[in-house]
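Trainee: Below are the C-alpha cells for one structure; questions will follow.
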Amino acid sequence: MNEGQLRQQTWKIHFILLFSRQGKLRLQKWYTTLPDKEKKKIIREIVQIILSRNQKTSSFVDWKDLKLVYKRYASLYFCCAIEDQDNELLTLEVVHRYVELLDRYFGNVCELDIIFNFEKAYFILDEFIIGGEVQETSKKTAVKAIEESDMLQETVEEYMNKPAF
Amino acid sequence: MALKMVKGSIDRMFDKNLQDLVRGIRNHKEDEAKYISQCIDEIKQELKQDNIAVKANAVCKLTYLQMLGYDISWAAFNIIEVMSASKFTFKRIGYLAASQCFHEGTDVIMLTTNQIRKDLSSPNQYDTGVALTGLSCFVTPDLARDLANDIMTLMSHTKPYIRKKAVLIMYKVFLKYPESLRPAFPRLKEKLEDPDPGVQSAAVNVICELARRNPKNYLSLAPLFFKLMTSSTNNWVLIKIIKLFGALTPLEPRLGKKLIEPLTNLIHSHSQHRDLTGICASVSVLISLSSGMPNHSASIQLCVQKLRILIEDSDQNLKYLGLLAMSKILKTHPKSVQSHKDLILQCLDDKDESIRLRALDLLYGMVSKKNLMEIVKKLMIHVDKAEGTTYRDELLTKIIDICSQSNYQYITNFEWYISILVELTRLEGTRHGHLIAAQMLDVAIRVKAIRRFAVSQMAMLLDNAHLIASNAQRNGICEVLYAAAWICGEFSEHLEEANQTLEAMLRPKVTTLPGHIQAVYVQNMVKLYASILQQKEQAGEKEAAQEITQLMIERLPQFVQSADLEVQERASCILQLIKYIQKLQIKEVPVAEEVIALFAGELNPVAPKAQKKVPVPEGLDLDAWINEPPSDSESEDEKPKTIFHEEEQRHSRHRQPEIDEEELARRREARKQEQANNPFYIKSSPSPQKRYQDTPGVEHIPVVQIDLSVPLKVPGMPMSDQYVKLEEERRHKQKLEKDKKKKKQKKEKRGKHHRHNSLHTESEEDIAPAHHVDIITEEMPENALPSDEDDKDPNDPYKALDIDLDKPLADSEKLPVQRHRNVETLKSPDSEVPLVEKKSKKPKKKEKKHKDKERDKGKKKEKEKKVVEEEEEEKKVILQDLHYFSSCCYLLLSLVCCLGTVQTAESIPITSFLNLTYDIQGNLQNDSQVTVSVIFENKSTSFLKSMELNVLDSLNTKMLRPEGSSVHDGIPVPFQLPPGISNEAQFVFTLQSIVMAQKLKGTLSFIVKNDEGSTHEKLDFKLHFSCASYLITTPCYSDAFAKLLESGDLHMSSIKVDGISISFQHLLAKICFHHHFSVVERVDSCASMYSRSIQGHHVCLLVKKGENSVSIDGKCNDSTLLSNLLDEMKETLSKC
C-alpha cells in the first residue's frame, strides 16, 4: 500500500451545509479554512448540484476531489463534504444522527426551528462534531450536554425583556 | 456614567433581537439587501454601546448575517469582547461567532490567547467546553504553541466531557504544532483505556488519524488496539480501529493472519442485521480486508459475493457503495471483479450520475486486450447519449485513461485508437481538448508505425478546422489543432497532399485561434514548407517551388500583425527567412537542403520526471550565489515571466550574469546534455544523428520490433466501429492459422518490463497487435537517481507528524508552559468558590446514607448500584457548578419562549414504565402561584414506588417545597403505583413574572420492583408554563368590558391567521378551552372575549372571522404578556 492509498482513508468532514428546497442556506459549518469568497462560490455550486438531482438518486455525489453526502429531511437538505475515499454510509449516519439530535432537542424539529434558533443548531452540531470528527456517539450524552449548558444560559431575549430598572 | 447606563437600558428595549431580525428578513423578501444594510447599521450602533448584553445580541445577529453570506470580519474585535464576557450566555455567542468567522489570517486572533487560557481553566466545564469547541475551528500555529500545554492538562480533567473534547482538539494542535506530539503522546495513549467510552473513542479517533498518516510509528500499539477491537461494542470505534489495522497490516504481515478470524466473524454478524449501520460497518470491514490482506482469496470471495448483492439492490445508496467497494478490491484482485463485468456495464445505464461514474471507475480496471474495443465502443455510445457536459467530459477522460493506461498496454490497434481520438474531437463543448491533443502527440511520437496514418488524419482535421474552431464555445476542443499542426509539420514526409495542408494552415480564419496555437501553426508551416520545397526541387519543378514561396510571403503578414507576441515574433522572423529564400530562388540557388536542415533530427519523448532526476554533479552547489544578488531596484528590470505562453517558456533562456571560463565550460556541457534530451529543442547541427549516437542516453531506449500482419487502412474519415469489426475478423483469422499450425507461437514481448509483472490469461496474450508497433519508452537521464521521493508532496501537512514516538522525551521538547498565568488562575479562586464547597457537602452526606440503605437491603447487584451512584455523583457535580454559576451571575434557568406549548394537557415523554400528563392551573387565591396537576400512569408490569419529583428552579419560577428542604431536594409523590394504575398528584409553583412562557426541567426518580428484583430509574422531563396557563377564565359583562376598553391604559396588538377552515363556533370554543378565555359578546362572525391573569392583568380580545382567515385584536395591561399570548394563540389556530 502506498502513501496515496493511505491518505485516501481519512475520515474527516470538510464542511456541513443545511439548505432549503428553495436553495436558501440555513446553516454552514466549515472544518477547513477557506476565504469567504471561495466559500460562497462552493456553496452556490453545491446547492445547485444537489437541488438538480432527482429524488430517487443515491445520496452521494462526486464533487471535485471531495465527495458530497446529502440527505433530504422534509424541506431541508443536509449535506456533508468528505474526502474522496471516506466511508459514505458512516457519514450518512452522522447526518442522520445530527437530525435525530435536533429532533430530540427541539421536539419534532422543523425548518422554522432551525431558522429561528440557528445558534442552537450550531451548538448542537458543536457538541456532536468537533473539528470534523465525531466527538460524541451517544445521543443521550450529547443532548444532555446541550440542555445542561442551556440551563446556564438565560436567553438574550429574556434578558432584553426584563424590566431594566 | 449612571445616565449612560440608564440610556443604554432604554435603548436596549428598542433593539431588535435575533428573532426580530430573522422575521424582518423574511418579511422583506423584495428588498432584502436594503433591509439588511439597515440592520447592519443598527448593529454597528449597538456595538458602540457599553452594555455587553446589547453587544452580544448584536454579535448574535451578525453571526446570522454571516451565514447568509455577509462579511462580518469588521466586527472581529467586538466578537472578542463578547467572547470575554463573564456570562456564559454571551461567551457562548462570542465563541460561536468566532468559530464561524475567524481563520488563520484574522489578525486580532492573537489577542484571544489569554482569554482562551482563562476559559480553559474555568471551573465551569461548559466554559471550558465552549472554548475548546471554538478553538477547534480557529486554532493557529501560535495558539497551538501557546495553549498546547493547557489542552494537554485538560486531557486528564475530572470530567469526561472535557477530556473527550481535549483529546480531539489535541489532534488539531498536533497538526499546527507538531512539536507537541511527542510530549503529549504518552497521555494520549493513556486515554485509550479511559473508563469513559466517549473519551476512549475520541482517543481511538485521534490515534487512528495519526497512525494512518505514518503507520510505522504506531505499530507498537497494535496489541492494545487488538484488545479494543475484540472488546468494543461501539460501531463507530470499531470502524476506526479496523481502518487503522488496514494501514498497519502491510507493515506487519503477522497481524493480518491474526485479524482474519475476528474480521470474518464481524462480517457474518453484521450481515445478519439489515440496518444501515450494520451494513455500513461490514462494508468498511470488507474494504479494509481487501486492502489489508491481499492474499486471502476466501475472504475476498466472500466480499465480492456480498458486494454483488449490494449492487443488485434497488437502493441507490447501496448500489453506489457496492461499486465503490468493488473498485477497492479491484486494485488487489482484478480477476475476481472482472467476472462481474455484465453487472457493471448495466450500471452505466443507471439514471444516477454518481453511480455511472463509479461504474466508469471500475471499468478502468477491468479492461483487457480482449474487451478494450468493446468497452470503449459502449462508452462512445454513452458519450453520444450523455446529457450534461460534466458527465460527458468525465466519459472522455475515462476513455483516454482506459486506453492509455500502463503505456497503452491493452491497445492492439493504434489506427483504431487514433480514429477514436478523432471522433472525440467532434464532441461539443468539452473542456478536455488538451487531453486529446496530448494523446495524439504522444501516440504519433511514440508509435512510429502509426505516423503515416496519424498524419493523414491530422491533415484532415486541419482541413476541417473551421468545424472545430467555428463556435466560440467550443474553443476547448481547438486545442487538438495544436496537436494536428505539430504532427503534420513534424512528420511532413508522410504527408500526401502537403500543398493542400499548407494552404489550410494559411487560411485567414486561423488568426482567430488562441495565440499559442497560432504560434505552433507558424512554426510548423515552415516545416511543411521546407519539405514541399525539397520535393519540388528534387522533381525539378522550380516554378512550383517559387509559387509556394510566394504563397508564404503573401500569407505570412497576417500573422506578423498578430496581437500575440510569440506569434508576431515567429512570423516576422520566418517571413524574413523566406524572403531571403526567395532571393536565392531567383538566383536559382538550390536552397531546400539548407532549409530542411533547420528541422533535421529525431525527437525523443522525455519522461516527465527526467529533469528532476538528473543528478547534481559533484562539487556543484546550486544554492550558492554566482554573483551577489541584485538589489531590489534592479529586479524591476527583469522580464515578467507571464509574457509568453507557458508552452513556449522552455525556449526562453534566462540571461546569465558573467561567469568565469571554467563555469562556462561546465555549463556548455550541461546544456548539450539537456539539448540532447529535449524533444522540443531544434538542433542546429547539420548532422544530429551522429551526435545522438554519442549520447549514451539514447542508445538505451528499448525499441522492440514486432513483426506481424499488415496494417489495415481505412479510407476517408475513420470510423472506429469499422475497426472493431476488422479486428474481430483479424483475431478470428489469427486463431485459425494458429490452430492449423499447432505450433507454439513465440510470445512477442513488447515493453518487457510491463509484461513481466502483469497477470494476464493466456488467451489475452495471444492477441497480437495489428501493427508494427514501436513503443518507445520515455527517456531518463543516464544516471538518474532511483528514488520515489518526488512522489511525496512536500506540502503535506501530515508529513510533519512523522515523528518517532518511542524515543524518550528530551528536556528541550517539553511544551511551553506559561507558569505565572497558570498559578495565578489556580491560586486566586473566586470569592464564590468556598461557598460552593460548603453547599456540596450536604448532597454527599445524603448520598452516603442512600448508599448505606441500599447495602442493607442487599438486593441489588453490586455493579448496577455503582452505575447509578456514578450517575448521581455526576449530577451532583453538575449541580455544584450550577450553583457556583448562579451565585456568580444571577442565573435564570433556560427560558424557552417556545411557541408549541399551548396545549392545556401535555404529555411528557414516555419511558417504558411511566406516562406523565400534566395540566397547569392558575390559583385565584394567590397571585404568584400556579398548581401543576400531574397524572402518573404506570404502563409497565412492574410495581413503581418511592417516586420523587424534582424540578430545577429558575429565579422566576420555583417549586414550593416543604419547609426546611433545600432546592436540590425533590418532593415525594404521596402514593405508589401498581401496574396499569394511574393517579394524580399536585405540585405548587411560585412565580414572580408571568409575562413570558417558561420551560422547566425536572427529573422523576423512582424504584421499579418486579420479580427479578428492584432497580432505580430516572425520567427526565420538561414542564412548559405557557402564558395561557397563567390566565383564569373569568366572566365579564359587556358594559364592564366596554369601560375597560375605553379606559385607555391597555396596550394593543393583533395577529391574523390564514387558512382556517373550522367553524367560528368551534374556533371560539378552542380559544376558550386552550387559552382560558370567556366570550363576552358575539355578533355574527365577530366576538369579544375576556380573561384575567392571576396577577390581575386584563386581557380583552376581539376575534373576527373572514373567509378562511381569523384576525384577533388584543388589549392588555402588559404588552409582552399580550404578544406572547397572541403568539400562542396563533400556534393553536394554525393547527386548525
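Quick note on naming: the chains in the C-alpha cells go A, B, ... in the order shown, residues restart at 1 in each chain, and ligands are numbered from 1 in order of appearance.
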Write down as a list in words the residues of stretch 27-146 of chain A whose backbone DSSP state falls under strand (DSSP E).

Mentor: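 Those residues are Leu27, Gln28, Lys29, Trp30, Phe60, Val61, Asp62, Trp63, Leu66, Lys67, Leu68, Val69, Tyr70, Lys71, Arg72, Tyr73, Leu76, Tyr77, Phe78, Cys79, Cys80, Ala81, Ile82, Glu83, Ile129, Ile130, Glu133 and Val134 of chain A.
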
Trainee: Take the residues that were just selected and, keeping C-alpha atoms, output them as an mmCIF file, in the first residue's frame.

Mentor:
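The file below, again.cif, is the result:
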```
data_model
loop_
_atom_site.group_PDB
_atom_site.id
_atom_site.type_symbol
_atom_site.label_atom_id
_atom_site.label_comp_id
_atom_site.auth_asym_id
_atom_site.auth_seq_id
_atom_site.Cartn_x
_atom_site.Cartn_y
_atom_site.Cartn_z
ATOM 1 C CA LEU A 27 -26.535 26.574 8.367
ATOM 2 C CA GLN A 28 -22.929 26.297 7.312
ATOM 3 C CA LYS A 29 -20.063 24.896 9.285
ATOM 4 C CA TRP A 30 -16.560 24.680 7.877
ATOM 5 C CA PHE A 60 -23.597 10.614 -2.945
ATOM 6 C CA VAL A 61 -22.112 12.990 -5.465
ATOM 7 C CA ASP A 62 -18.506 13.289 -6.506
ATOM 8 C CA TRP A 63 -17.524 16.887 -6.416
ATOM 9 C CA LEU A 66 -14.337 15.608 -2.439
ATOM 10 C CA LYS A 67 -17.497 13.661 -2.089
ATOM 11 C CA LEU A 68 -20.831 15.114 -1.080
ATOM 12 C CA VAL A 69 -23.067 13.035 1.095
ATOM 13 C CA TYR A 70 -26.506 14.510 1.452
ATOM 14 C CA LYS A 71 -29.956 13.638 2.567
ATOM 15 C CA ARG A 72 -33.240 15.434 2.454
ATOM 16 C CA TYR A 73 -35.366 15.642 5.555
ATOM 17 C CA LEU A 76 -34.230 20.680 4.335
ATOM 18 C CA TYR A 77 -31.161 19.218 2.715
ATOM 19 C CA PHE A 78 -28.305 18.189 4.975
ATOM 20 C CA CYS A 79 -25.045 17.947 3.100
ATOM 21 C CA CYS A 80 -21.584 16.874 4.239
ATOM 22 C CA ALA A 81 -18.404 17.047 2.196
ATOM 23 C CA ILE A 82 -15.944 14.300 2.950
ATOM 24 C CA GLU A 83 -12.695 13.179 1.434
ATOM 25 C CA ILE A 129 -18.836 17.070 15.817
ATOM 26 C CA ILE A 130 -15.649 18.847 16.642
ATOM 27 C CA GLU A 133 -14.527 14.442 13.849
ATOM 28 C CA VAL A 134 -17.460 12.885 15.630
#
```

Trainee: Give me, as a PyMOL selection string, the residues of chain A touching chain B, with the criterion being at most 6 Å (counting only C-alpha atoms).

Mentor: chain A and resi 57-58+61+89+116+131+150-151+153-154

Trainee: Find the residues near B:Ala563: any atom within 10 Å, counting only C-alpha atoms, skip ones fewer than 4 places away on the same chain, and give them as a list of chain:residue names.

Mentor: B:Thr511, B:Gly515, B:Phe559, B:Val567, B:Gln568

Trainee: Within 6 Å of B:Asn950, counting only C-alpha atoms, which residues show up once you throw out same-chain ones fewer than 2 positions away? Write them as a list in words, please.

Mentor: Gly970, Gly1002 and Thr1003 of chain B

Trainee: Those residues with C-alpha atoms, as a PDB file, in the first residue's frame please?

Mentor:
```
ATOM      1  CA  GLY B 970     -37.290  16.536  45.352  1.00  0.00           C
ATOM      2  CA  GLY B1002     -37.284  18.161  36.005  1.00  0.00           C
ATOM      3  CA  THR B1003     -36.478  14.624  36.976  1.00  0.00           C
TER       4      THR B1003
END
```

Trainee: Quick one: DSSP alpha helix (DSSP H) residues in stretch 471-637 of chain B, as a ChimeraX atom specification?

Mentor: /B:479-490,498-505,515-539,542-555,557-560,565-586,592-597,610-613,632-635

Trainee: Please indicate the distance in Å from atom CA of B:Leu1126 to atom CA of B:Leu955, rounded to one decimal place.

Mentor: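 Value for the atom CA of B:Leu1126-atom CA of B:Leu955 distance: 25.0 Å.
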
Trainee: Would you mind reading off the distance between atom CA of B:Pro334 and atom CA of A:Asn87, one decimal, in Å?

Mentor: 21.9 Å

Trainee: Counting only C-alpha atoms, which residue out of B:Cys403, B:Ile920, B:Ile981, B:Val951 sits closest to B:Leu1031?

Mentor: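 For B:Leu1031, the nearest of the candidates is B:Ile920.
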
Trainee: Between atom CA of B:Arg117 and atom CA of B:Ile79, what is the distance in Å, rounded to a tenth?

Mentor: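 Atom-to-atom, atom CA of B:Arg117 to atom CA of B:Ile79, that is 16.8 Å.
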
Trainee: Fewer than 4 positions away in the same chain doesn't count, so skip those; otherwise give me all residues within 8 Å of B:Ile445, counting only C-alpha atoms, as an MDAnalysis selection string.

Mentor: chainID B and resid 441 451 603:605

Trainee: How would the residues just chosen look if you wrote them out with all heavy atoms as a PDB file, in the first residue's frame?

Mentor:
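Printed below is again.pdb as written:
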```pdb
ATOM      1  N   LEU B 441      -0.390  13.599 -29.777  1.00  0.00           N
ATOM      2  CA  LEU B 441       1.045  13.845 -29.853  1.00  0.00           C
ATOM      3  C   LEU B 441       1.817  12.634 -29.345  1.00  0.00           C
ATOM      4  O   LEU B 441       2.766  12.162 -29.979  1.00  0.00           O
ATOM      5  CB  LEU B 441       1.411  15.069 -29.009  1.00  0.00           C
ATOM      6  CG  LEU B 441       1.044  16.417 -29.613  1.00  0.00           C
ATOM      7  CD1 LEU B 441       1.266  17.526 -28.601  1.00  0.00           C
ATOM      8  CD2 LEU B 441       1.875  16.677 -30.858  1.00  0.00           C
ATOM      9  N   ARG B 451       2.583   6.752 -37.735  1.00  0.00           N
ATOM     10  CA  ARG B 451       2.727   8.155 -38.111  1.00  0.00           C
ATOM     11  C   ARG B 451       2.028   8.486 -39.428  1.00  0.00           C
ATOM     12  O   ARG B 451       1.342   9.503 -39.526  1.00  0.00           O
ATOM     13  CB  ARG B 451       4.208   8.539 -38.187  1.00  0.00           C
ATOM     14  CG  ARG B 451       4.771   8.760 -36.799  1.00  0.00           C
ATOM     15  CD  ARG B 451       6.201   9.143 -36.825  1.00  0.00           C
ATOM     16  NE  ARG B 451       6.745   9.057 -35.472  1.00  0.00           N
ATOM     17  CZ  ARG B 451       8.028   9.047 -35.197  1.00  0.00           C
ATOM     18  NH1 ARG B 451       8.931   9.096 -36.180  1.00  0.00           N
ATOM     19  NH2 ARG B 451       8.433   8.971 -33.966  1.00  0.00           N
ATOM     20  N   LEU B 603      13.059  13.242 -32.716  1.00  0.00           N
ATOM     21  CA  LEU B 603      12.626  13.701 -31.400  1.00  0.00           C
ATOM     22  C   LEU B 603      12.388  12.497 -30.507  1.00  0.00           C
ATOM     23  O   LEU B 603      11.803  11.508 -30.929  1.00  0.00           O
ATOM     24  CB  LEU B 603      11.326  14.481 -31.542  1.00  0.00           C
ATOM     25  CG  LEU B 603      11.529  15.877 -32.083  1.00  0.00           C
ATOM     26  CD1 LEU B 603      10.233  16.403 -32.613  1.00  0.00           C
ATOM     27  CD2 LEU B 603      12.070  16.776 -30.995  1.00  0.00           C
ATOM     28  N   ASN B 604      12.863  12.601 -29.311  1.00  0.00           N
ATOM     29  CA  ASN B 604      12.616  11.511 -28.383  1.00  0.00           C
ATOM     30  C   ASN B 604      11.726  11.992 -27.256  1.00  0.00           C
ATOM     31  O   ASN B 604      11.927  13.075 -26.722  1.00  0.00           O
ATOM     32  CB  ASN B 604      13.915  11.017 -27.781  1.00  0.00           C
ATOM     33  CG  ASN B 604      14.769  10.356 -28.823  1.00  0.00           C
ATOM     34  OD1 ASN B 604      14.298   9.474 -29.534  1.00  0.00           O
ATOM     35  ND2 ASN B 604      15.985  10.840 -28.954  1.00  0.00           N
ATOM     36  N   PRO B 605      10.771  11.175 -26.894  1.00  0.00           N
ATOM     37  CA  PRO B 605       9.927  11.579 -25.761  1.00  0.00           C
ATOM     38  C   PRO B 605      10.729  11.535 -24.454  1.00  0.00           C
ATOM     39  O   PRO B 605      11.544  10.632 -24.265  1.00  0.00           O
ATOM     40  CB  PRO B 605       8.816  10.542 -25.746  1.00  0.00           C
ATOM     41  CG  PRO B 605       9.345   9.385 -26.478  1.00  0.00           C
ATOM     42  CD  PRO B 605      10.388   9.871 -27.431  1.00  0.00           C
TER      43      PRO B 605
END
```
